[in-house]
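One file, protein27.cif, carrying mmCIF, C-alpha atoms:
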```cif
data_query
#
loop_
_atom_site.label_atom_id
_atom_site.label_comp_id
_atom_site.auth_asym_id
_atom_site.auth_seq_id
_atom_site.Cartn_x
_atom_site.Cartn_y
_atom_site.Cartn_z
CA MET A 1 150.14 26.22 78.40
CA LYS A 2 152.63 27.54 75.79
CA VAL A 3 154.00 24.02 75.26
CA VAL A 4 150.48 22.75 74.54
CA LEU A 5 149.84 25.54 72.02
CA ASP A 6 153.16 24.89 70.23
CA THR A 7 152.34 21.18 70.04
CA VAL A 8 148.88 21.87 68.59
CA GLU A 9 150.39 24.22 65.99
CA ALA A 10 152.98 21.67 64.93
CA ILE A 11 150.35 18.92 64.68
CA GLY A 12 148.10 21.23 62.66
CA VAL A 13 150.82 22.01 60.14
CA SER A 14 151.73 18.33 59.85
CA VAL A 15 148.10 17.41 59.22
CA VAL A 16 147.80 20.04 56.46
CA VAL A 17 151.08 18.91 54.77
CA ALA A 18 150.09 15.27 55.06
CA SER A 19 146.69 16.02 53.54
CA ILE A 20 148.28 17.82 50.57
CA PHE A 21 150.79 15.00 50.05
CA THR A 22 148.04 12.37 50.29
CA TYR A 23 145.96 14.23 47.72
CA ALA A 24 148.94 14.74 45.36
CA SER A 25 150.07 11.15 45.66
CA GLY A 26 146.76 10.02 44.29
CA THR A 27 147.24 11.89 41.01
CA SER A 28 148.83 10.20 37.97
CA GLU A 29 151.17 13.16 37.40
CA PHE A 30 152.68 12.85 40.86
CA ILE A 31 153.15 9.09 40.50
CA SER A 32 154.84 9.57 37.09
CA ARG A 33 157.24 12.17 38.50
CA ILE A 34 158.21 9.94 41.43
CA ARG A 35 158.65 6.95 39.10
CA ALA A 36 160.92 8.99 36.77
CA LEU A 37 162.94 10.29 39.72
CA LEU A 38 163.48 6.80 41.14
CA GLN A 39 164.42 5.45 37.71
CA ASP A 40 166.92 8.27 37.25
CA ILE A 41 168.58 7.52 40.59
CA VAL A 42 168.33 3.74 40.93
CA VAL A 43 168.39 2.45 37.34
CA SER A 44 170.11 4.86 34.93
CA ARG A 45 172.03 6.96 37.50
CA ASP A 46 171.83 9.91 35.09
CA PHE A 47 171.90 12.31 38.04
CA LEU A 48 175.64 11.56 38.45
CA GLY A 49 176.36 13.20 35.10
CA ASN A 50 174.68 16.44 36.15
CA ILE A 51 176.46 17.07 39.43
CA ASP A 52 179.28 19.63 39.66
CA SER A 53 182.95 18.72 39.08
CA ALA A 54 183.88 18.80 42.77
CA SER A 55 181.07 16.35 43.61
CA LYS A 56 182.10 14.09 40.70
CA LEU A 57 185.67 14.05 42.01
CA GLU A 58 184.43 13.17 45.49
CA ALA A 59 182.16 10.41 44.14
CA LEU A 60 184.88 8.87 41.97
CA SER A 61 187.47 9.06 44.74
CA ALA A 62 185.08 7.21 47.05
CA LEU A 63 184.30 4.59 44.41
CA LEU A 64 187.74 4.09 42.84
CA LYS A 65 190.20 3.53 45.63
CA PRO A 66 192.76 0.80 46.26
CA SER A 67 192.00 -2.04 48.63
CA SER A 68 193.87 -2.51 51.89
CA GLU A 69 195.80 -5.36 50.27
CA GLU A 70 196.93 -3.07 47.44
CA ARG A 71 198.04 -0.42 49.93
CA ASN A 72 200.08 -3.02 51.79
CA ILE A 73 201.86 -3.93 48.56
CA TYR A 74 202.60 -0.31 47.61
CA SER A 75 201.60 2.55 49.91
CA ASN A 76 201.49 5.22 47.16
CA ILE A 77 199.15 3.28 44.86
CA GLU A 78 196.32 5.66 45.80
CA ASP A 79 198.17 8.50 44.05
CA TYR A 80 198.05 6.41 40.86
CA TYR A 81 194.27 6.01 41.21
CA ASN A 82 193.83 9.74 41.85
CA TYR A 83 195.95 10.59 38.80
CA TYR A 84 193.61 8.71 36.45
CA ILE A 85 190.52 10.08 38.18
CA THR A 86 191.82 13.60 37.51
CA GLN A 87 192.66 12.69 33.91
CA ALA A 88 189.13 11.35 33.38
CA LEU A 89 187.50 14.50 34.77
CA ASP A 90 189.72 16.69 32.56
CA ILE A 91 188.09 15.24 29.43
CA SER A 92 185.28 17.80 29.63
CA ARG A 93 187.88 20.57 29.31
CA LYS A 94 189.52 19.12 26.19
CA CYS A 95 188.42 19.39 22.58
CA VAL A 96 188.15 15.94 20.99
CA ARG A 97 188.60 15.01 17.33
CA SER A 98 187.26 12.52 14.81
CA ASN A 99 187.74 11.69 11.10
CA TYR A 100 191.49 12.26 11.45
CA ALA A 101 193.28 11.68 8.13
CA VAL A 102 196.98 12.27 7.42
CA ARG A 103 198.22 12.13 3.81
CA TYR A 104 201.85 12.48 2.67
CA ARG A 105 203.71 12.46 -0.65
CA THR A 106 207.49 12.24 -0.41
CA TYR A 107 209.87 13.25 -3.20
CA VAL A 108 213.36 14.60 -3.83
CA ASP A 109 213.23 18.39 -3.95
CA ALA A 110 215.39 19.53 -6.88
CA ALA A 111 215.88 23.06 -5.56
CA SER A 112 217.26 22.09 -2.14
CA GLY A 113 218.58 18.63 -2.95
CA ARG A 114 216.75 17.28 0.07
CA VAL A 115 214.07 14.69 0.68
CA ALA A 116 210.76 16.51 1.10
CA ALA A 117 207.25 15.53 2.14
CA GLU A 118 204.10 17.36 1.12
CA GLY A 119 201.33 16.60 3.58
CA SER A 120 197.83 17.42 4.78
CA TYR A 121 196.12 16.87 8.13
CA CYS A 122 192.32 16.86 8.17
CA TYR A 123 190.01 16.26 11.12
CA ARG A 124 186.74 17.30 12.74
CA LEU A 125 187.06 19.16 16.04
CA TYR A 126 184.38 19.27 18.77
CA PRO A 127 184.11 21.93 21.51
CA THR A 128 184.38 21.59 25.26
CA VAL A 129 181.58 22.74 27.56
CA ASP A 130 183.25 26.17 27.47
CA GLY A 131 183.77 26.36 23.71
CA TYR A 132 186.84 25.77 21.55
CA ASN A 133 190.42 25.77 22.75
CA ASP A 134 193.28 27.12 20.66
CA ILE A 135 195.15 24.64 18.47
CA GLN A 136 198.89 24.53 17.82
CA VAL A 137 200.63 23.57 14.59
CA GLY A 138 204.32 23.34 13.82
CA PHE A 139 207.47 21.24 13.86
CA THR A 140 210.41 20.22 15.98
CA GLU A 141 213.28 22.67 16.12
CA GLU A 142 215.55 20.44 14.01
CA THR A 143 213.31 20.79 10.93
CA GLU A 144 214.05 24.47 10.39
CA ARG A 145 213.25 24.31 6.65
CA SER A 146 209.76 22.85 7.15
CA VAL A 147 206.84 25.13 6.36
CA CYS A 148 203.18 25.32 7.38
CA HIS A 149 201.50 26.72 4.26
CA ALA A 150 197.99 27.21 5.62
CA VAL A 151 195.42 26.24 8.24
CA HIS A 152 191.81 26.19 6.98
CA VAL A 153 188.96 26.20 9.50
CA SER A 154 185.41 25.49 8.22
CA THR A 155 182.09 25.72 10.06
CA PRO A 156 178.97 23.54 9.57
CA ASN A 157 177.24 26.33 7.61
CA GLY A 158 180.00 26.41 4.98
CA ASP A 159 182.04 29.40 6.14
CA ARG A 160 185.82 29.07 6.02
CA LYS A 161 188.62 31.08 7.58
CA SER A 162 192.19 30.58 6.35
CA PHE A 163 195.39 31.28 8.28
CA ASP A 164 198.10 31.54 5.61
CA ARG A 165 201.71 30.95 6.61
CA PRO A 166 201.09 31.24 10.38
CA ALA A 167 204.14 32.59 12.20
CA LEU A 168 206.06 29.86 14.05
CA ALA A 169 207.67 30.74 17.38
CA ALA A 170 210.25 28.78 19.38
CA ILE A 171 208.59 27.00 22.32
CA ALA A 172 209.99 24.49 24.83
CA LYS A 173 207.68 21.59 25.68
CA GLY A 174 208.59 18.59 27.78
CA GLY A 175 212.32 19.12 27.37
CA ASP A 176 212.13 19.43 23.57
CA GLN A 177 212.25 22.54 21.41
CA TYR A 178 209.51 23.23 18.86
CA ARG A 179 208.50 25.90 16.36
CA LEU A 180 204.76 26.33 16.84
CA ALA A 181 201.95 28.65 15.80
CA THR A 182 198.78 29.09 17.88
CA ILE A 183 195.43 29.34 16.07
CA ASP A 184 192.60 31.05 17.99
CA LEU A 185 189.25 29.34 17.30
CA LYS A 186 187.02 31.12 19.80
CA ASP A 187 185.47 33.61 17.36
CA ILE A 188 184.94 31.38 14.33
CA GLY A 189 183.84 28.47 16.53
CA LYS A 190 181.30 30.41 18.58
CA GLY A 191 178.02 28.47 18.52
CA ALA A 192 179.36 25.85 16.06
CA SER A 193 178.66 22.19 16.85
CA HIS A 194 181.97 21.24 15.23
CA LEU A 195 184.79 22.66 13.10
CA ASP A 196 186.58 20.99 10.18
CA ILE A 197 190.33 21.61 10.28
CA GLU A 198 192.76 21.24 7.36
CA ILE A 199 196.51 21.83 7.78
CA ARG A 200 198.89 21.86 4.77
CA VAL A 201 202.63 21.50 5.33
CA THR A 202 205.90 20.67 3.60
CA GLU A 203 208.61 18.99 5.64
CA TYR A 204 212.28 18.65 4.70
CA GLY A 205 214.83 16.05 5.72
CA SER A 206 218.46 15.53 4.73
CA ASP A 207 219.94 14.83 1.30
CA HIS A 208 218.86 11.16 1.33
CA TRP A 209 216.47 10.48 4.22
CA LEU A 210 213.49 11.89 6.13
CA LEU A 211 211.86 10.79 9.38
CA LEU A 212 208.13 11.59 9.36
CA GLN A 213 206.39 11.80 12.72
CA PHE A 214 202.72 11.96 13.66
CA GLN A 215 201.64 12.52 17.26
CA ALA A 216 198.13 13.08 18.61
CA LEU A 217 198.03 16.14 20.88
CA GLN A 218 194.32 15.73 21.71
CA PRO A 219 192.00 12.78 22.40
CA THR A 220 191.18 11.39 18.94
CA ASP A 221 188.48 8.97 17.79
CA GLY A 222 190.56 6.92 15.35
CA PHE A 223 192.91 7.98 12.55
CA SER A 224 194.21 6.98 9.13
CA PHE A 225 197.71 7.63 7.79
CA HIS A 226 198.83 7.16 4.18
CA LEU A 227 202.25 7.81 2.66
CA ARG A 228 203.39 7.45 -0.95
CA CYS A 229 207.01 7.65 -2.14
CA GLU A 230 208.04 9.14 -5.48
CA ASP A 231 211.39 9.32 -7.32
CA ARG A 232 213.81 6.74 -5.88
CA LEU A 233 212.57 7.03 -2.32
CA GLU A 234 211.51 3.95 -0.37
CA ILE A 235 209.95 3.26 3.00
CA ARG A 236 212.78 1.80 5.06
CA ASP A 237 211.11 1.31 8.44
CA HIS A 238 208.21 2.38 10.64
CA ASP A 239 207.09 2.21 14.25
CA ILE A 240 203.71 2.79 15.92
CA PHE A 241 203.08 4.07 19.44
CA VAL A 242 199.46 3.22 20.26
CA PHE A 243 198.46 1.63 23.55
CA GLY A 244 195.08 0.09 24.35
CA ALA A 245 193.72 0.22 20.78
CA ASN A 246 193.98 -1.96 17.69
CA TYR A 247 195.69 -0.66 14.56
CA PHE A 248 196.29 -2.06 11.09
CA VAL A 249 199.23 -1.72 8.69
CA ASP A 250 198.79 -2.22 4.95
CA ARG A 251 202.05 -2.27 3.02
CA ALA A 252 202.24 -4.09 -0.31
CA ASP A 253 205.67 -2.75 -1.34
CA TYR A 254 208.33 -0.21 -0.39
CA LYS A 255 206.62 2.76 -2.02
CA GLU A 256 203.35 3.04 -0.06
CA ILE A 257 202.09 2.41 3.44
CA SER A 258 198.70 2.85 5.14
CA ILE A 259 198.17 2.74 8.91
CA SER A 260 194.73 2.99 10.49
CA CYS A 261 193.08 2.78 13.90
CA ASN A 262 189.32 2.76 14.50
CA GLN A 263 189.35 3.27 18.26
CA TRP A 264 190.03 6.14 20.64
CA ILE A 265 193.68 7.09 21.14
CA ASN A 266 195.06 9.31 23.88
CA GLU A 267 197.45 12.23 23.70
CA GLY A 268 200.97 11.10 22.91
CA SER A 269 199.93 8.27 20.61
CA GLY A 270 201.50 8.38 17.19
CA LEU A 271 203.87 6.83 14.67
CA VAL A 272 207.11 7.39 12.76
CA VAL A 273 208.06 6.39 9.22
CA LEU A 274 211.60 6.45 7.85
CA VAL A 275 211.91 7.28 4.14
CA SER A 276 215.22 7.26 2.27
CA ILE A 277 217.04 6.69 -0.99
CA PRO A 278 218.50 3.15 -0.91
CA HIS A 279 222.23 3.35 -0.28
CA ASP A 280 225.29 1.19 0.16
CA LEU A 281 226.69 1.34 3.69
CA GLY A 282 229.96 -0.08 2.41
CA ALA A 283 230.57 2.70 -0.10
CA SER A 284 234.23 3.54 -0.66
CA ASN A 285 233.76 7.31 -0.85
CA GLY A 286 234.43 7.72 2.86
CA THR A 287 230.96 9.00 3.71
CA GLY A 288 229.25 5.65 4.02
CA PHE A 289 226.62 6.85 1.54
CA LYS A 290 226.36 6.20 -2.18
CA HIS A 291 223.31 6.48 -4.41
CA GLU A 292 222.43 3.24 -6.11
CA ASP A 293 221.96 3.09 -9.85
CA PRO A 294 218.17 3.60 -10.27
CA ASP A 295 218.11 0.91 -12.94
CA LEU A 296 219.48 -1.71 -10.59
CA THR A 297 217.30 -3.86 -8.38
CA ILE A 298 217.56 -2.56 -4.81
CA ARG A 299 217.89 -5.04 -1.97
CA PRO A 300 215.52 -3.86 0.81
CA LEU A 301 216.44 -3.67 4.46
CA HIS A 302 213.87 -6.36 5.19
CA PRO A 303 210.72 -7.61 3.40
CA PRO A 304 207.43 -5.88 4.24
CA ASP A 305 206.03 -8.97 5.94
CA THR A 306 208.95 -9.45 8.31
CA ALA A 307 210.47 -7.39 11.07
CA PRO A 308 214.14 -6.41 11.34
CA ILE A 309 216.25 -8.73 13.45
CA THR A 310 217.56 -7.07 16.60
CA PRO A 311 220.53 -8.77 18.30
CA GLU A 312 219.78 -9.83 21.85
CA PRO A 313 221.92 -7.91 24.38
CA GLN A 314 224.29 -9.85 26.60
CA ASN A 315 222.72 -8.41 29.75
CA PRO A 316 219.11 -7.53 28.87
CA PRO A 317 217.65 -4.71 31.01
CA THR A 318 214.76 -5.38 33.33
CA ALA A 319 211.64 -3.22 33.53
#
```
structure tokens encoding of this file:
Amino acid sequence: MKVVLDTVEAIGVSVVVASIFTYASGTSEFISRIRALLQDIVVSRDFLGNIDSASKLEALSALLKPSSEERNIYSNIEDYYNYYITQALDISRKCVRSNYAVRYRTYVDAASGRVAAEGSYCYRLYPTVDGYNDIQVGFTEETERSVCHAVHVSTPNGDRKSFDRPALAAIAKGGDQYRLATIDLKDIGKGASHLDIEIRVTEYGSDHWLLLQFQALQPTDGFSFHLRCEDRLEIRDHDIFVFGANYFVDRADYKEISISCNQWINEGSGLVVLVSIPHDLGASNGTGFKHEDPDLTIRPLHPPDTAPITPEPQNPPTA
């Protein structure tokens, strides 16, 4: 008898639920909601962007995995896949930048007798889902004379906070030694959709040359770099370290160079430019260095539209 009563109760509840569902399914609002839900799942797949990080990792790991043939070729290839999956998911925890512009003017500093470069770095910084991370500014340990004059941080409503002469501390990163200052952006960036950053520096080289380096420490949506030489300084050489993006070099002579990229670049991308006073390697003063007469025509290392010739090694290495 109890079994019969339980069955009748279950059927009764089912009939009530079915009646409500049948009534709701006949309304336009219900049909619209179901249509939007199916479109979200089947067509646009927007629901994937709203799941938690652990579920995203699980979904990507299930989707992006090596085939059996790839595993047979190299058993640890799956670790390589997982590395890039983790890197992709870390993007939400990184501040990204746009409108990155680097400007330098090089000259011979009369006070120190060294080649100097006065520069500015300007870019727009965007927050992570948790707000703004700290930024670091500074130099390699070898450039002990180089100075960071100021870091200016501006908000969309026009407010600006300046960090004058931030203190540089010795820090080891990746086997190299740096002198870096950390700028805390949490307070000034609270609630801001973006922050405009300007960094002003002066870098010093030796008595006749200077190697300028630019390296992106955050994901960056394009950049432009411009350098102009004054006094008797010339651009002797340059190299660019950008992978997976197109870049352009504009160099009409040995006094100016512009390098630009209009695509995303990853951390570690960058460039170097060598600036020096033209000199005679065969000088008889024993140092191998002699200033040329500024009135004489200087023979360049190689024309702007050609690359330096590198001798081919007898036993070239294999990669």
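When the PyMOL selection byres ((chain A and resi 114) around 9) is evaluated on the file shown here, the picked residues come out as Tyr107, Val108, Asp109, Ala110, Ala111, Ser112, Gly113, Val115, Ala116, Tyr204, Gly205, Ser206, Asp207, His208, Trp209 and Leu210 of chain A.
Nearest residue to Leu168 in chain A among A:Glu58, A:Glu141, A:Glu118, A:Asp187 is A:Glu141, counting all atoms listed in the file.
Across the chains present, the PyMOL selection byres ((chain A and resi 228) around 8) applied to this file returns Tyr104, Arg105, Thr106, His226, Leu227, Cys229, Glu230, Lys255, Glu256 and Ile257 of chain A.
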Residues at most 10 Å from Leu89 in chain A, counting only C-alpha atoms, excluding those fewer than 4 positions away in the same chain, as a PyMOL selection string?
chain A and resi 53-54+56-57+60+84-85+93-94
Output file for the residues above (C-alpha atoms, as a PDB file, in the coordinates of the input):
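As written to disk, selection.pdb reads:
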```
ATOM      1  CA  SER A  53     182.950  18.720  39.080  1.00  0.00           C
ATOM      2  CA  ALA A  54     183.880  18.800  42.770  1.00  0.00           C
ATOM      3  CA  LYS A  56     182.100  14.090  40.700  1.00  0.00           C
ATOM      4  CA  LEU A  57     185.670  14.050  42.010  1.00  0.00           C
ATOM      5  CA  LEU A  60     184.880   8.870  41.970  1.00  0.00           C
ATOM      6  CA  TYR A  84     193.610   8.710  36.450  1.00  0.00           C
ATOM      7  CA  ILE A  85     190.520  10.080  38.180  1.00  0.00           C
ATOM      8  CA  ARG A  93     187.880  20.570  29.310  1.00  0.00           C
ATOM      9  CA  LYS A  94     189.520  19.120  26.190  1.00  0.00           C
TER      10      LYS A  94
END
```
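Once the PyMOL selection byres ((chain A and resi 258) around 12) is applied to this file, the selection holds Ala101, Val102, Arg103, Tyr104, Phe223, Ser224, Phe225, His226, Leu227, Arg228, Ile235, His238, Ile240, Tyr247, Phe248, Val249, Asp250, Arg251, Ala252, Asp253, Tyr254, Lys255, Glu256, Ile257, Ile259, Ser260, Cys261, Leu271 and Val273 of chain A.
Going from CA of Gln218 in chain A over to CA of Ser146 in chain A, you cover 22.4 Å.
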Do you know which residues lie at most 12 Å from (179.6, 26.4, 26.1), with coordinates as in the file and only C-alpha atoms counted, and could you write them as a ChimeraX atom specification?
/A:92-93,95,126-133,186,189-193
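Summary of the local environment: counting only C-alpha atoms, residues at most 12 Å from Phe139 in chain A, other than itself and those fewer than 6 positions away along its chain, are Arg145, Ser146, Val147, Cys148, Ala167, Leu168, Ala169, Ala170, Ile171, Ala172, Lys173, Asp176, Gln177, Tyr178, Arg179, Leu180, Ala181, Val201, Thr202, Glu203, Tyr204, Leu212, Gln213, Phe214 and Gln215 of chain A.
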Write a file of the selected residues as an mmCIF file, keeping the file's coordinate frame, keeping C-alpha atoms.
```cif
data_model
loop_
_atom_site.group_PDB
_atom_site.id
_atom_site.type_symbol
_atom_site.label_atom_id
_atom_site.label_comp_id
_atom_site.auth_asym_id
_atom_site.auth_seq_id
_atom_site.Cartn_x
_atom_site.Cartn_y
_atom_site.Cartn_z
ATOM 1 C CA ARG A 145 213.250 24.310 6.650
ATOM 2 C CA SER A 146 209.760 22.850 7.150
ATOM 3 C CA VAL A 147 206.840 25.130 6.360
ATOM 4 C CA CYS A 148 203.180 25.320 7.380
ATOM 5 C CA ALA A 167 204.140 32.590 12.200
ATOM 6 C CA LEU A 168 206.060 29.860 14.050
ATOM 7 C CA ALA A 169 207.670 30.740 17.380
ATOM 8 C CA ALA A 170 210.250 28.780 19.380
ATOM 9 C CA ILE A 171 208.590 27.000 22.320
ATOM 10 C CA ALA A 172 209.990 24.490 24.830
ATOM 11 C CA LYS A 173 207.680 21.590 25.680
ATOM 12 C CA ASP A 176 212.130 19.430 23.570
ATOM 13 C CA GLN A 177 212.250 22.540 21.410
ATOM 14 C CA TYR A 178 209.510 23.230 18.860
ATOM 15 C CA ARG A 179 208.500 25.900 16.360
ATOM 16 C CA LEU A 180 204.760 26.330 16.840
ATOM 17 C CA ALA A 181 201.950 28.650 15.800
ATOM 18 C CA VAL A 201 202.630 21.500 5.330
ATOM 19 C CA THR A 202 205.900 20.670 3.600
ATOM 20 C CA GLU A 203 208.610 18.990 5.640
ATOM 21 C CA TYR A 204 212.280 18.650 4.700
ATOM 22 C CA LEU A 212 208.130 11.590 9.360
ATOM 23 C CA GLN A 213 206.390 11.800 12.720
ATOM 24 C CA PHE A 214 202.720 11.960 13.660
ATOM 25 C CA GLN A 215 201.640 12.520 17.260
#
```
Show me as an NGL selection string the residues that reach within 9 Å of (193.0, 10.7, 42.2), counting only C-alpha atoms and using the file's own coordinates.
:A and (57 or 60-61 or 64-65 or 78-87)
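When CA of Ser98 in chain A is paired with CA of Asp196 in chain A, their separation reads 9.7 Å.
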Looking at A:Arg124, A:Arg200, A:Lys161, A:Arg71, which one is nearest to Arg97 in chain A, with distances taken over only C-alpha atoms?
A:Arg124
Can you sort out the box for range 262-267 of chain A, edges along x, y and z, all listed atoms in, 6 Å on every side, with centre and edge lengths in Å to one decimal, as lines of an AutoDock Vina configuration file?
```
center_x = 193.4
center_y = 7.5
center_z = 19.2
size_x = 20.1
size_y = 21.5
size_z = 21.4
```
Expressed in Å, the length from CA of Ala117 in chain A to CA of His149 in chain A is 12.8 Å
